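Here is the structure we will look at, set down as structure tokens.
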Amino acid sequence: MSILTYLGYAMVTVGVLFLFLGALGIFRMPDVYNRLQAGTKATTLGALGTIIGVGLLQPEWFWKTLIIAIFIAISNPISSHALARGSYKIGIKPITKEDDMDAYAGVKIEDEEK
Amino acid sequence: MTIFYLIVIALAIIFAAARGLLGPTASDRIVALDSLTTITTAGLVLLAFVFQRYIYVDVSLVYGVLSFIGVLTLARYMEGGL
């Protein structure tokens with residue numbers, strides 16, 4: 001049991017707990033945008049912790065797990081942004097106290113093809 | 001110790017899949033699907049450690065790339081740009 005083993009088990013434990021909290025946030029939150037926050041940020045942190053923790057537990061696997069972690073850290077915000085943009089464009093309103101809290105309402109979304 | 005990790009990941013998959021089954025709009029279901037693919041990518045790496053099979057890490061890498069492309073395609077289809 002070296003120091004890398006303890007560090008790996010700690011990172012896998014934190015990562016698995018964050019994966020569970022992200023899924024619980026998806027189940028409990030009231031709105032599409034709140035679910036998007038809980039389901040992409042907490043899940044990204046949990047996946048990074050789990051994957052790099054496994055790479056520390058098995059040091060000969062470390063570089064390939066680092067590649068997977070970098071790819072998740074790049075690709076998850078892109079899909080989150082695409083989902084939020086698509087949800088806004090099909091007309092789903094966020095739940096607020098006042099109805100005029102939509103700061104994005106005056107911005108005109110132009111199409112890509114002119 | 002590893003059975004604790006697998007039980008917690010199974011609970012996470014159950015909660016996200018429940019939101020995917022009973023989400024009110026299509027956007028909720030796609031958000032739950034996006035979260036499920038990330039949970040499955042991490043779970044495959046953890047299964048590679050539990051079973052000591054190096055090939056599952058490659059499976060996880062390909063699954064991550066393909067699920068990213070799939071969720072992006074679904075989001076573009078939902079907003080009507082496809």
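Labels for the structure tokens follow display order: chains A, B, ..., residues from 1 in each chain, ligands from 1.
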task = Could the residues of chain A within 9 Å of chain B, counting only C-alpha atoms, be given as a VMD selection string, please?
result = chain A and resid 12 to 13 16 to 17 19 to 28 31 to 32 35 to 36 39 to 40 43 to 44 46 to 51 54 57 to 58 61 64 to 65 67 to 68 71 to 72 75 to 76 78 to 80 82 to 90 92 111
Using N, CA and C atoms, can you write the selected residues to a file as a compact mmCIF listing (two decimals), in the first residue's frame?
# COMPACT_ATOMS: atom_id res chain seq x y z
N VAL A 12 -11.28 8.01 -6.09
CA VAL A 12 -12.41 7.22 -6.61
C VAL A 12 -13.62 7.37 -5.70
N THR A 13 -13.40 7.44 -4.37
CA THR A 13 -14.53 7.62 -3.45
C THR A 13 -15.22 8.96 -3.67
N VAL A 16 -17.10 8.90 -7.12
CA VAL A 16 -18.34 8.11 -7.13
C VAL A 16 -19.44 8.84 -6.36
N LEU A 17 -19.07 9.50 -5.24
CA LEU A 17 -20.08 10.26 -4.50
C LEU A 17 -20.59 11.44 -5.33
N LEU A 19 -20.73 11.51 -8.62
CA LEU A 19 -21.61 10.95 -9.65
C LEU A 19 -23.01 10.71 -9.09
N PHE A 20 -23.08 10.17 -7.86
CA PHE A 20 -24.38 9.92 -7.24
C PHE A 20 -25.11 11.24 -6.97
N LEU A 21 -24.38 12.28 -6.51
CA LEU A 21 -25.04 13.55 -6.24
C LEU A 21 -25.54 14.20 -7.51
N GLY A 22 -24.80 14.06 -8.61
CA GLY A 22 -25.27 14.59 -9.87
C GLY A 22 -26.55 13.92 -10.35
N ALA A 23 -26.59 12.59 -10.22
CA ALA A 23 -27.80 11.88 -10.63
C ALA A 23 -28.98 12.23 -9.73
N LEU A 24 -28.72 12.42 -8.42
CA LEU A 24 -29.79 12.83 -7.50
C LEU A 24 -30.30 14.22 -7.84
N GLY A 25 -29.37 15.11 -8.26
CA GLY A 25 -29.78 16.45 -8.67
C GLY A 25 -30.64 16.41 -9.92
N ILE A 26 -30.32 15.52 -10.84
CA ILE A 26 -31.17 15.38 -12.03
C ILE A 26 -32.56 14.91 -11.63
N PHE A 27 -32.64 14.02 -10.65
CA PHE A 27 -33.96 13.51 -10.26
C PHE A 27 -34.76 14.52 -9.46
N ARG A 28 -34.11 15.40 -8.69
CA ARG A 28 -34.82 16.24 -7.74
C ARG A 28 -35.10 17.66 -8.22
N ASP A 31 -36.44 22.06 -12.88
CA ASP A 31 -36.46 22.75 -14.16
C ASP A 31 -35.41 22.11 -15.08
N VAL A 32 -35.53 22.37 -16.37
CA VAL A 32 -34.56 21.82 -17.32
C VAL A 32 -33.17 22.40 -17.09
N ARG A 35 -31.62 21.13 -13.86
CA ARG A 35 -31.15 19.75 -14.08
C ARG A 35 -29.89 19.72 -14.91
N LEU A 36 -29.78 20.67 -15.86
CA LEU A 36 -28.58 20.73 -16.70
C LEU A 36 -27.37 21.11 -15.86
N GLY A 39 -26.62 18.09 -13.60
CA GLY A 39 -26.28 16.86 -14.30
C GLY A 39 -25.04 16.93 -15.14
N THR A 40 -24.52 18.12 -15.43
CA THR A 40 -23.29 18.14 -16.19
C THR A 40 -22.08 18.55 -15.36
N THR A 43 -21.47 15.76 -12.55
CA THR A 43 -21.12 14.51 -13.19
C THR A 43 -19.74 14.58 -13.84
N THR A 44 -19.38 15.76 -14.36
CA THR A 44 -18.04 15.92 -14.93
C THR A 44 -16.97 15.77 -13.86
N GLY A 46 -17.27 14.18 -11.01
CA GLY A 46 -17.25 12.80 -10.55
C GLY A 46 -16.56 11.87 -11.52
N ALA A 47 -16.77 12.08 -12.82
CA ALA A 47 -16.12 11.22 -13.80
C ALA A 47 -14.61 11.47 -13.83
N LEU A 48 -14.20 12.74 -13.71
CA LEU A 48 -12.76 13.03 -13.67
C LEU A 48 -12.10 12.39 -12.45
N GLY A 49 -12.74 12.49 -11.28
CA GLY A 49 -12.18 11.88 -10.08
C GLY A 49 -12.09 10.38 -10.17
N THR A 50 -13.15 9.74 -10.69
CA THR A 50 -13.14 8.28 -10.78
C THR A 50 -12.08 7.79 -11.76
N ILE A 51 -11.99 8.45 -12.93
CA ILE A 51 -11.09 7.95 -13.98
C ILE A 51 -9.63 8.18 -13.60
N VAL A 54 -8.64 5.72 -10.81
CA VAL A 54 -8.30 4.39 -11.31
C VAL A 54 -6.91 4.40 -11.96
N LEU A 57 -4.50 4.12 -9.21
CA LEU A 57 -4.46 2.79 -8.60
C LEU A 57 -3.69 1.81 -9.47
N GLN A 58 -3.79 1.97 -10.80
CA GLN A 58 -3.03 1.11 -11.72
C GLN A 58 -2.08 2.01 -12.49
N TRP A 61 -1.74 2.13 -16.34
CA TRP A 61 -2.89 2.57 -17.14
C TRP A 61 -3.02 4.08 -17.15
N LYS A 64 -3.55 6.41 -20.54
CA LYS A 64 -4.81 6.28 -21.29
C LYS A 64 -6.00 6.82 -20.48
N THR A 65 -5.99 6.63 -19.16
CA THR A 65 -7.06 7.23 -18.35
C THR A 65 -6.96 8.76 -18.36
N ILE A 67 -5.99 10.46 -20.95
CA ILE A 67 -6.57 10.85 -22.24
C ILE A 67 -8.10 10.89 -22.15
N ILE A 68 -8.68 9.88 -21.50
CA ILE A 68 -10.15 9.86 -21.35
C ILE A 68 -10.62 11.04 -20.51
N PHE A 71 -10.48 14.22 -22.52
CA PHE A 71 -11.56 14.27 -23.51
C PHE A 71 -12.90 14.59 -22.85
N ILE A 72 -13.16 14.03 -21.66
CA ILE A 72 -14.42 14.35 -20.96
C ILE A 72 -14.44 15.82 -20.54
N SER A 75 -15.23 17.73 -23.81
CA SER A 75 -16.48 17.48 -24.55
C SER A 75 -17.74 17.72 -23.73
N ASN A 76 -17.68 17.61 -22.39
CA ASN A 76 -18.90 17.74 -21.59
C ASN A 76 -19.46 19.17 -21.57
N ILE A 78 -19.25 21.27 -24.01
CA ILE A 78 -19.80 21.52 -25.35
C ILE A 78 -21.20 20.94 -25.46
N SER A 79 -21.40 19.72 -24.97
CA SER A 79 -22.74 19.12 -25.05
C SER A 79 -23.71 19.83 -24.12
N SER A 80 -23.20 20.30 -22.96
CA SER A 80 -24.07 21.06 -22.04
C SER A 80 -24.54 22.36 -22.68
N ALA A 82 -24.76 22.97 -25.93
CA ALA A 82 -25.68 22.67 -27.03
C ALA A 82 -27.06 22.32 -26.50
N LEU A 83 -27.13 21.61 -25.36
CA LEU A 83 -28.44 21.26 -24.79
C LEU A 83 -29.16 22.49 -24.25
N ALA A 84 -28.42 23.41 -23.60
CA ALA A 84 -29.07 24.61 -23.07
C ALA A 84 -29.57 25.50 -24.21
N ARG A 85 -28.77 25.62 -25.28
CA ARG A 85 -29.16 26.44 -26.42
C ARG A 85 -30.39 25.84 -27.12
N GLY A 86 -30.39 24.54 -27.30
CA GLY A 86 -31.54 23.89 -27.93
C GLY A 86 -32.79 24.01 -27.09
N SER A 87 -32.65 23.87 -25.74
CA SER A 87 -33.81 24.00 -24.85
C SER A 87 -34.38 25.41 -24.89
N TYR A 88 -33.47 26.41 -25.00
CA TYR A 88 -33.98 27.78 -25.08
C TYR A 88 -34.65 28.04 -26.41
N LYS A 89 -34.10 27.50 -27.48
CA LYS A 89 -34.64 27.81 -28.80
C LYS A 89 -35.98 27.14 -29.07
N ILE A 90 -36.28 26.03 -28.40
CA ILE A 90 -37.61 25.44 -28.60
C ILE A 90 -38.62 26.01 -27.60
N ILE A 92 -38.55 26.62 -24.00
CA ILE A 92 -38.75 26.25 -22.60
C ILE A 92 -38.29 27.40 -21.72
N ASP A 111 -29.73 32.53 -37.60
CA ASP A 111 -29.41 31.21 -38.13
C ASP A 111 -28.02 31.23 -38.76
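Counting from atom CA of A:Ser2, the distance to atom CA of A:Ile52 is 16.4 Å.
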remark   = Computed gap from atom CA of A:Pro94 to atom CA of A:Ala73 is 26.3 Å
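Atom CA of B:Arg53 lies 20.8 Å from atom CA of A:Gly15.
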